[in-house]
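K.L.:
Compact mmCIF, N, CA, C and O atoms, saved as data04.txt, coming up:
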# COMPACT_ATOMS: atom_id res chain seq x y z
N MET C 1 0.83 -1.19 0.00
CA MET C 1 0.00 0.00 0.00
C MET C 1 0.87 1.25 0.00
O MET C 1 0.59 2.19 -0.73
N GLN C 2 1.92 1.24 0.82
CA GLN C 2 2.81 2.41 0.86
C GLN C 2 3.54 2.59 -0.45
O GLN C 2 3.72 3.72 -0.92
N ALA C 3 3.98 1.49 -1.06
CA ALA C 3 4.69 1.57 -2.34
C ALA C 3 3.79 2.17 -3.42
O ALA C 3 4.25 2.98 -4.24
N THR C 4 2.53 1.79 -3.41
CA THR C 4 1.59 2.34 -4.39
C THR C 4 1.39 3.82 -4.16
O THR C 4 1.36 4.61 -5.12
N PHE C 5 1.30 4.23 -2.91
CA PHE C 5 1.12 5.64 -2.60
C PHE C 5 2.35 6.45 -3.02
O PHE C 5 2.21 7.51 -3.63
N VAL C 6 3.53 5.95 -2.71
CA VAL C 6 4.76 6.65 -3.10
C VAL C 6 4.86 6.74 -4.61
O VAL C 6 5.21 7.78 -5.17
N SER C 7 4.53 5.65 -5.29
CA SER C 7 4.54 5.65 -6.75
C SER C 7 3.57 6.68 -7.31
O SER C 7 3.90 7.40 -8.26
N MET C 8 2.40 6.76 -6.72
CA MET C 8 1.41 7.72 -7.16
C MET C 8 1.92 9.16 -7.00
O MET C 8 1.76 10.00 -7.89
N ILE C 9 2.58 9.43 -5.89
CA ILE C 9 3.14 10.77 -5.64
C ILE C 9 4.22 11.08 -6.66
O ILE C 9 4.27 12.19 -7.22
N ILE C 10 5.10 10.13 -6.94
CA ILE C 10 6.18 10.34 -7.92
C ILE C 10 5.59 10.64 -9.29
O ILE C 10 6.02 11.59 -9.97
N TRP C 11 4.61 9.85 -9.71
CA TRP C 11 4.02 10.08 -11.03
C TRP C 11 3.25 11.39 -11.07
O TRP C 11 3.24 12.08 -12.10
N ALA C 12 2.62 11.77 -9.97
CA ALA C 12 1.94 13.07 -9.92
C ALA C 12 2.94 14.21 -10.03
O ALA C 12 2.68 15.21 -10.71
N LEU C 13 4.09 14.06 -9.38
CA LEU C 13 5.14 15.08 -9.49
C LEU C 13 5.64 15.19 -10.92
O LEU C 13 5.88 16.31 -11.42
N MET C 14 5.81 14.06 -11.59
CA MET C 14 6.23 14.10 -13.00
C MET C 14 5.21 14.85 -13.84
O MET C 14 5.58 15.69 -14.68
N GLY C 15 3.95 14.58 -13.63
CA GLY C 15 2.90 15.29 -14.37
C GLY C 15 2.91 16.77 -14.08
O GLY C 15 2.74 17.60 -14.98
N ALA C 16 3.13 17.12 -12.81
CA ALA C 16 3.19 18.53 -12.42
C ALA C 16 4.39 19.23 -13.07
O ALA C 16 4.29 20.39 -13.47
N ILE C 17 5.49 18.53 -13.17
CA ILE C 17 6.69 19.10 -13.81
C ILE C 17 6.39 19.40 -15.28
O ILE C 17 6.67 20.50 -15.76
N TYR C 18 5.84 18.42 -15.97
CA TYR C 18 5.54 18.64 -17.39
C TYR C 18 4.47 19.72 -17.56
O TYR C 18 4.59 20.59 -18.43
N GLY C 19 3.44 19.69 -16.75
CA GLY C 19 2.39 20.69 -16.84
C GLY C 19 2.88 22.09 -16.48
O GLY C 19 2.61 23.05 -17.18
N GLY C 20 3.60 22.17 -15.37
CA GLY C 20 4.08 23.48 -14.91
C GLY C 20 5.16 24.07 -15.79
O GLY C 20 5.25 25.29 -15.95
N SER C 21 5.95 23.23 -16.39
CA SER C 21 7.07 23.73 -17.19
C SER C 21 6.60 24.34 -18.51
O SER C 21 7.38 25.04 -19.18
N THR C 22 5.35 24.14 -18.89
CA THR C 22 4.87 24.75 -20.13
C THR C 22 4.79 26.26 -20.03
O THR C 22 4.69 26.94 -21.05
N ILE C 23 4.87 26.79 -18.82
CA ILE C 23 4.89 28.25 -18.65
C ILE C 23 6.09 28.87 -19.37
O ILE C 23 6.06 30.04 -19.74
N ILE C 24 7.11 28.09 -19.59
CA ILE C 24 8.29 28.57 -20.31
C ILE C 24 7.89 29.08 -21.69
O ILE C 24 8.45 30.06 -22.18
N PHE C 25 6.91 28.44 -22.31
CA PHE C 25 6.51 28.83 -23.66
C PHE C 25 5.67 30.10 -23.68
O PHE C 25 5.30 30.57 -24.75
N GLU C 26 5.41 30.67 -22.52
CA GLU C 26 4.71 31.96 -22.44
C GLU C 26 5.68 33.13 -22.35
O GLU C 26 5.27 34.27 -22.28
N GLN C 27 6.97 32.85 -22.35
CA GLN C 27 8.00 33.88 -22.29
C GLN C 27 8.16 34.50 -23.68
O GLN C 27 8.89 33.99 -24.51
N ASP C 28 7.46 35.61 -23.91
CA ASP C 28 7.44 36.22 -25.24
C ASP C 28 8.80 36.76 -25.69
O ASP C 28 9.06 36.86 -26.88
N ARG C 29 9.63 37.10 -24.77
CA ARG C 29 10.93 37.68 -25.13
C ARG C 29 11.98 36.63 -25.50
O ARG C 29 13.04 36.97 -25.98
N TRP C 30 11.68 35.38 -25.26
CA TRP C 30 12.61 34.29 -25.59
C TRP C 30 12.31 33.77 -26.98
O TRP C 30 11.15 33.70 -27.39
N SER C 31 13.33 33.34 -27.67
CA SER C 31 13.13 32.68 -28.97
C SER C 31 12.54 31.29 -28.72
O SER C 31 12.66 30.75 -27.62
N ILE C 32 11.96 30.72 -29.76
CA ILE C 32 11.41 29.37 -29.62
C ILE C 32 12.53 28.38 -29.31
O ILE C 32 12.32 27.41 -28.58
N THR C 33 13.73 28.64 -29.82
CA THR C 33 14.87 27.76 -29.53
C THR C 33 15.22 27.83 -28.05
O THR C 33 15.43 26.80 -27.41
N HIS C 34 15.26 29.04 -27.49
CA HIS C 34 15.56 29.21 -26.06
C HIS C 34 14.48 28.57 -25.21
O HIS C 34 14.77 27.89 -24.21
N GLN C 35 13.23 28.77 -25.57
CA GLN C 35 12.12 28.17 -24.83
C GLN C 35 12.21 26.64 -24.85
O GLN C 35 12.09 25.99 -23.82
N THR C 36 12.44 26.10 -26.05
CA THR C 36 12.48 24.64 -26.19
C THR C 36 13.65 24.05 -25.42
O THR C 36 13.50 23.05 -24.70
N PHE C 37 14.83 24.65 -25.55
CA PHE C 37 16.01 24.14 -24.86
C PHE C 37 15.83 24.23 -23.34
O PHE C 37 16.16 23.29 -22.61
N SER C 38 15.28 25.33 -22.86
CA SER C 38 15.04 25.49 -21.42
C SER C 38 14.03 24.46 -20.92
O SER C 38 14.23 23.84 -19.87
N HIS C 39 12.96 24.26 -21.68
CA HIS C 39 11.95 23.28 -21.29
C HIS C 39 12.55 21.88 -21.26
O HIS C 39 12.31 21.11 -20.32
N PHE C 40 13.33 21.55 -22.28
CA PHE C 40 13.97 20.25 -22.33
C PHE C 40 14.86 20.02 -21.11
O PHE C 40 14.77 18.99 -20.44
N LEU C 41 15.72 20.99 -20.81
CA LEU C 41 16.65 20.84 -19.68
C LEU C 41 15.91 20.71 -18.36
O LEU C 41 16.24 19.85 -17.54
N ILE C 42 14.93 21.56 -18.14
CA ILE C 42 14.19 21.54 -16.87
C ILE C 42 13.48 20.21 -16.70
O ILE C 42 13.57 19.57 -15.64
N THR C 43 12.76 19.77 -17.74
CA THR C 43 12.02 18.51 -17.60
C THR C 43 12.97 17.33 -17.45
O THR C 43 12.73 16.46 -16.61
N TYR C 44 14.04 17.31 -18.22
CA TYR C 44 14.98 16.20 -18.13
C TYR C 44 15.64 16.14 -16.76
O TYR C 44 15.73 15.09 -16.14
N MET C 45 16.09 17.29 -16.27
CA MET C 45 16.81 17.34 -14.99
C MET C 45 15.90 17.03 -13.79
O MET C 45 16.37 16.52 -12.78
N LEU C 46 14.62 17.32 -13.90
CA LEU C 46 13.71 17.05 -12.78
C LEU C 46 13.04 15.67 -12.87
O LEU C 46 12.80 15.04 -11.84
N VAL C 47 12.76 15.22 -14.07
CA VAL C 47 12.06 13.94 -14.23
C VAL C 47 13.02 12.76 -14.09
O VAL C 47 12.64 11.70 -13.57
N THR C 48 14.27 12.93 -14.50
CA THR C 48 15.22 11.82 -14.43
C THR C 48 15.40 11.29 -13.01
O THR C 48 15.30 10.07 -12.80
N PRO C 49 15.66 12.14 -12.01
CA PRO C 49 15.77 11.59 -10.65
C PRO C 49 14.47 10.94 -10.16
O PRO C 49 14.52 9.92 -9.45
N LEU C 50 13.33 11.49 -10.58
CA LEU C 50 12.06 10.88 -10.20
C LEU C 50 11.90 9.51 -10.86
O LEU C 50 11.34 8.59 -10.25
N SER C 51 12.39 9.37 -12.08
CA SER C 51 12.34 8.07 -12.75
C SER C 51 13.16 7.04 -11.99
O SER C 51 12.76 5.88 -11.86
N ILE C 52 14.30 7.47 -11.51
CA ILE C 52 15.15 6.56 -10.72
C ILE C 52 14.45 6.19 -9.42
O ILE C 52 14.42 5.03 -9.02
N LEU C 53 13.83 7.18 -8.77
CA LEU C 53 13.07 6.90 -7.54
C LEU C 53 11.90 5.96 -7.81
O LEU C 53 11.52 5.17 -6.94
N ALA C 54 11.33 6.07 -9.00
CA ALA C 54 10.17 5.24 -9.35
C ALA C 54 10.56 3.80 -9.66
O ALA C 54 9.69 2.96 -9.86
N GLY C 55 11.87 3.53 -9.72
CA GLY C 55 12.27 2.15 -9.90
C GLY C 55 13.13 1.86 -11.12
O GLY C 55 13.47 0.70 -11.37
N MET C 56 13.46 2.89 -11.91
CA MET C 56 14.33 2.65 -13.05
C MET C 56 15.70 2.24 -12.53
O MET C 56 16.29 2.96 -11.73
N PRO C 57 16.20 1.09 -12.97
CA PRO C 57 17.54 0.69 -12.52
C PRO C 57 18.56 1.72 -12.95
O PRO C 57 18.41 2.36 -13.99
N PHE C 58 19.59 1.90 -12.16
CA PHE C 58 20.57 2.93 -12.47
C PHE C 58 21.93 2.30 -12.72
O PHE C 58 22.60 1.84 -11.80
N ASN C 59 22.31 2.25 -13.97
CA ASN C 59 23.68 1.95 -14.37
C ASN C 59 23.93 2.73 -15.66
O ASN C 59 23.00 3.27 -16.25
N LEU C 60 25.16 2.80 -16.10
CA LEU C 60 25.52 3.66 -17.22
C LEU C 60 24.76 3.28 -18.50
O LEU C 60 24.25 4.15 -19.20
N THR C 61 24.67 2.01 -18.79
CA THR C 61 24.00 1.57 -20.02
C THR C 61 22.53 1.96 -20.01
O THR C 61 22.02 2.51 -20.99
N ILE C 62 21.86 1.70 -18.92
CA ILE C 62 20.43 2.04 -18.82
C ILE C 62 20.26 3.55 -18.84
O ILE C 62 19.36 4.07 -19.51
N PHE C 63 21.12 4.27 -18.15
CA PHE C 63 21.02 5.73 -18.12
C PHE C 63 21.22 6.33 -19.52
O PHE C 63 20.49 7.23 -19.92
N LEU C 64 22.20 5.82 -20.26
CA LEU C 64 22.43 6.32 -21.62
C LEU C 64 21.26 5.98 -22.53
O LEU C 64 20.84 6.81 -23.36
N GLY C 65 20.69 4.78 -22.39
CA GLY C 65 19.51 4.41 -23.16
C GLY C 65 18.32 5.29 -22.83
O GLY C 65 17.58 5.73 -23.72
N TYR C 66 18.13 5.54 -21.55
CA TYR C 66 17.05 6.42 -21.08
C TYR C 66 17.22 7.81 -21.69
O TYR C 66 16.27 8.40 -22.21
N THR C 67 18.45 8.32 -21.63
CA THR C 67 18.73 9.66 -22.15
C THR C 67 18.49 9.72 -23.65
O THR C 67 17.86 10.67 -24.15
N LEU C 68 18.94 8.72 -24.38
CA LEU C 68 18.72 8.68 -25.83
C LEU C 68 17.23 8.62 -26.13
O LEU C 68 16.73 9.37 -26.99
N ASN C 69 16.50 7.75 -25.45
CA ASN C 69 15.05 7.66 -25.65
C ASN C 69 14.35 8.97 -25.33
O ASN C 69 13.46 9.40 -26.06
N TYR C 70 14.75 9.60 -24.24
CA TYR C 70 14.14 10.87 -23.84
C TYR C 70 14.34 11.91 -24.93
O TYR C 70 13.41 12.62 -25.32
N CYS C 71 15.57 11.99 -25.44
CA CYS C 71 15.90 12.96 -26.50
C CYS C 71 15.11 12.68 -27.77
O CYS C 71 14.57 13.61 -28.39
N VAL C 72 15.04 11.43 -28.18
CA VAL C 72 14.34 11.07 -29.42
C VAL C 72 12.84 11.37 -29.29
O VAL C 72 12.24 11.99 -30.17
N VAL C 73 12.24 10.95 -28.19
CA VAL C 73 10.80 11.20 -28.00
C VAL C 73 10.52 12.69 -27.90
O VAL C 73 9.57 13.20 -28.50
N TYR C 74 11.37 13.42 -27.17
CA TYR C 74 11.19 14.88 -27.06
C TYR C 74 11.27 15.52 -28.44
O TYR C 74 10.45 16.36 -28.80
N PHE C 75 12.25 15.10 -29.25
CA PHE C 75 12.42 15.65 -30.58
C PHE C 75 11.22 15.35 -31.47
O PHE C 75 10.74 16.23 -32.20
N ILE C 76 10.70 14.14 -31.41
CA ILE C 76 9.54 13.77 -32.23
C ILE C 76 8.32 14.61 -31.84
O ILE C 76 7.61 15.14 -32.70
N ILE C 77 8.10 14.77 -30.54
CA ILE C 77 6.97 15.60 -30.08
C ILE C 77 7.17 17.04 -30.49
O ILE C 77 6.25 17.71 -30.96
N TRP C 78 8.39 17.55 -30.35
CA TRP C 78 8.70 18.93 -30.74
C TRP C 78 8.47 19.12 -32.24
O TRP C 78 7.86 20.10 -32.67
N LEU C 79 8.95 18.17 -33.04
CA LEU C 79 8.80 18.26 -34.49
C LEU C 79 7.33 18.26 -34.89
O LEU C 79 6.91 19.08 -35.72
N ALA C 80 6.53 17.39 -34.30
CA ALA C 80 5.10 17.34 -34.60
C ALA C 80 4.42 18.64 -34.19
O ALA C 80 3.57 19.17 -34.93
N THR C 81 4.78 19.16 -33.04
CA THR C 81 4.19 20.41 -32.56
C THR C 81 4.55 21.57 -33.47
O THR C 81 3.71 22.41 -33.80
N MET C 82 5.81 21.64 -33.89
CA MET C 82 6.24 22.71 -34.78
C MET C 82 5.53 22.61 -36.13
O MET C 82 5.10 23.62 -36.69
N PHE C 83 5.40 21.40 -36.66
CA PHE C 83 4.71 21.21 -37.92
C PHE C 83 3.26 21.66 -37.80
O PHE C 83 2.75 22.38 -38.66
N PHE C 84 2.58 21.23 -36.74
CA PHE C 84 1.18 21.59 -36.53
C PHE C 84 1.04 23.11 -36.36
O PHE C 84 0.15 23.72 -36.96
N SER C 85 1.91 23.72 -35.60
CA SER C 85 1.84 25.17 -35.37
C SER C 85 2.09 25.94 -36.66
O SER C 85 1.40 26.92 -36.96
N ARG C 86 3.08 25.50 -37.43
CA ARG C 86 3.37 26.16 -38.71
C ARG C 86 2.17 26.07 -39.65
O ARG C 86 1.82 27.03 -40.33
N ARG C 87 1.54 24.92 -39.67
CA ARG C 87 0.37 24.74 -40.52
C ARG C 87 -0.77 25.65 -40.07
O ARG C 87 -1.46 26.24 -40.91
N MET C 88 -0.96 25.79 -38.77
CA MET C 88 -2.02 26.69 -38.26
C MET C 88 -1.73 28.13 -38.66
O MET C 88 -2.64 28.87 -39.05
N VAL C 89 -0.48 28.56 -38.55
CA VAL C 89 -0.11 29.93 -38.93
C VAL C 89 -0.37 30.15 -40.42
O VAL C 89 -0.90 31.20 -40.82
N GLU C 90 -0.01 29.18 -41.24
CA GLU C 90 -0.25 29.30 -42.68
C GLU C 90 -1.74 29.43 -42.98
O GLU C 90 -2.15 30.25 -43.81
N GLN C 91 -2.57 28.64 -42.29
CA GLN C 91 -4.01 28.71 -42.50
C GLN C 91 -4.57 30.06 -42.06
O GLN C 91 -5.42 30.63 -42.73
N LEU C 92 -4.08 30.58 -40.94
CA LEU C 92 -4.52 31.90 -40.49
C LEU C 92 -4.08 32.98 -41.45
O LEU C 92 -4.84 33.92 -41.74
N ASN C 93 -2.87 32.89 -41.95
CA ASN C 93 -2.37 33.88 -42.91
C ASN C 93 -3.18 33.89 -44.20
O ASN C 93 -3.35 34.93 -44.83
N GLU C 94 -3.66 32.72 -44.61
CA GLU C 94 -4.48 32.63 -45.82
C GLU C 94 -5.80 33.36 -45.65
O GLU C 94 -6.38 33.84 -46.62
N LYS C 95 -6.29 33.48 -44.42
CA LYS C 95 -7.57 34.13 -44.16
C LYS C 95 -7.46 35.65 -44.08
O LYS C 95 -8.47 36.34 -44.10
N ILE C 96 -6.24 36.15 -43.98
CA ILE C 96 -6.04 37.59 -43.88
C ILE C 96 -6.19 38.18 -45.27
O ILE C 96 -5.52 37.78 -46.23
N PRO C 97 -7.11 39.18 -45.40
CA PRO C 97 -7.28 39.81 -46.71
C PRO C 97 -6.01 40.58 -47.10
O PRO C 97 -5.37 41.21 -46.28
N LYS C 98 -5.72 40.50 -48.39
CA LYS C 98 -4.51 41.19 -48.86
C LYS C 98 -4.85 42.40 -49.67
O LYS C 98 -5.73 42.61 -50.31
Just give me the structure as structure tokens.
P.N.:
Amino acid sequence: MQATFVSMIIWALMGAIYGGSTIIFEQDRWSITHQTFSHFLITYMLVTPLSILAGMPFNLTIFLGYTLNYCVVYFIIWLATMFFSRRMVEQLNEKIPK
């Protein structure tokens, strides 16, 4: 019962990190590159220790695999988001009378 409760808290913290860190994208004075890099670093640096606490075994091979997977998945999500956002901007621009 205690292990389930601790696990629930860890996963809730991970969700809060991802949810709360999106505020970075509201920084209008930062470039999208700065926002993305900052978001990546913050989420990686905070979620990684929580992943270890949640039971991810810790050795160099697993850590490097975890890091590679994290980077690849982050990049795929970023790429899809950028593509979707660019398409939305193009559609909005088409509606502007010239």
K.L.:
Distance cut-off 5 Å, centre (6.6, 9.7, -13.7) in file coordinates, counting all atoms listed in the file: which residues qualify? Return them as a tab-separated table (two decimals) with N, CA, C and O atoms, in the frame of the given file.
P.N.:
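Saved as point.tsv:
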chain	number	residue	atom	x	y	z
C	10	ILE	N	5.10	10.13	-6.94
C	10	ILE	CA	6.18	10.34	-7.92
C	10	ILE	C	5.59	10.64	-9.29
C	10	ILE	O	6.02	11.59	-9.97
C	11	TRP	N	4.61	9.85	-9.71
C	11	TRP	CA	4.02	10.08	-11.03
C	11	TRP	C	3.25	11.39	-11.07
C	11	TRP	O	3.24	12.08	-12.10
C	14	MET	N	5.81	14.06	-11.59
C	14	MET	CA	6.23	14.10	-13.00
C	14	MET	C	5.21	14.85	-13.84
C	14	MET	O	5.58	15.69	-14.68
K.L.:
Just how far from atom O of C:Leu41 is atom CA of C:Thr81, in Å to one decimal?
P.N.:
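So the answer is 19.3 Å.
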K.L.:
Restricting the calculation to only N, CA, C and O atoms, which member of C:Met1, C:Ser31, C:Gly55, C:Ile42 is positioned closest to C:Tyr18?
P.N.:
C:Ile42
K.L.:
Atom N of C:Cys71 to atom O of C:Leu13: how many Å, to one decimal?
P.N.:
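It comes out at 17.6 Å.
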K.L.:
Could you tell me, as an MDAnalysis selection string, which residues of stretch 29-86 of chain C DSSP assigns to alpha helix (DSSP H) when given the backbone?
P.N.:
chainID C and resid 32:53 60:86
K.L.:
Between C:Val73, C:Val47, C:Ala3, C:Ile32, which residue has the minimum interatomic distance to C:Ala16, considering only C-alpha atoms?
P.N.:
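Looking at the shortest contact to C:Ala16, the residue is C:Val47.
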K.L.:
So what do you get for atom CA of C:Tyr44 versus atom CA of C:Tyr66, distance-wise?
P.N.:
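Separating atom CA of C:Tyr44 from atom CA of C:Tyr66 is a distance of 10.4 Å.
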K.L.:
Just need the box for stretch 11-25 of chain C, edges along x, y and z, holding every atom the file lists for it with 6 Å tacked onto each side, so centre and edge lengths in Å to one decimal, as AutoDock Vina command-line options.
P.N.:
--center_x 5.2 --center_y 20.2 --center_z -17.1 --size_x 18.5 --size_y 32.7 --size_z 27.4
K.L.:
I'd like to know which of C:Phe84, C:Glu94, C:Ser38, C:Thr67 is closest to C:Ser21, using all atoms listed in the file.
P.N.:
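The shortest atom-to-atom distance to C:Ser21 comes from C:Ser38.
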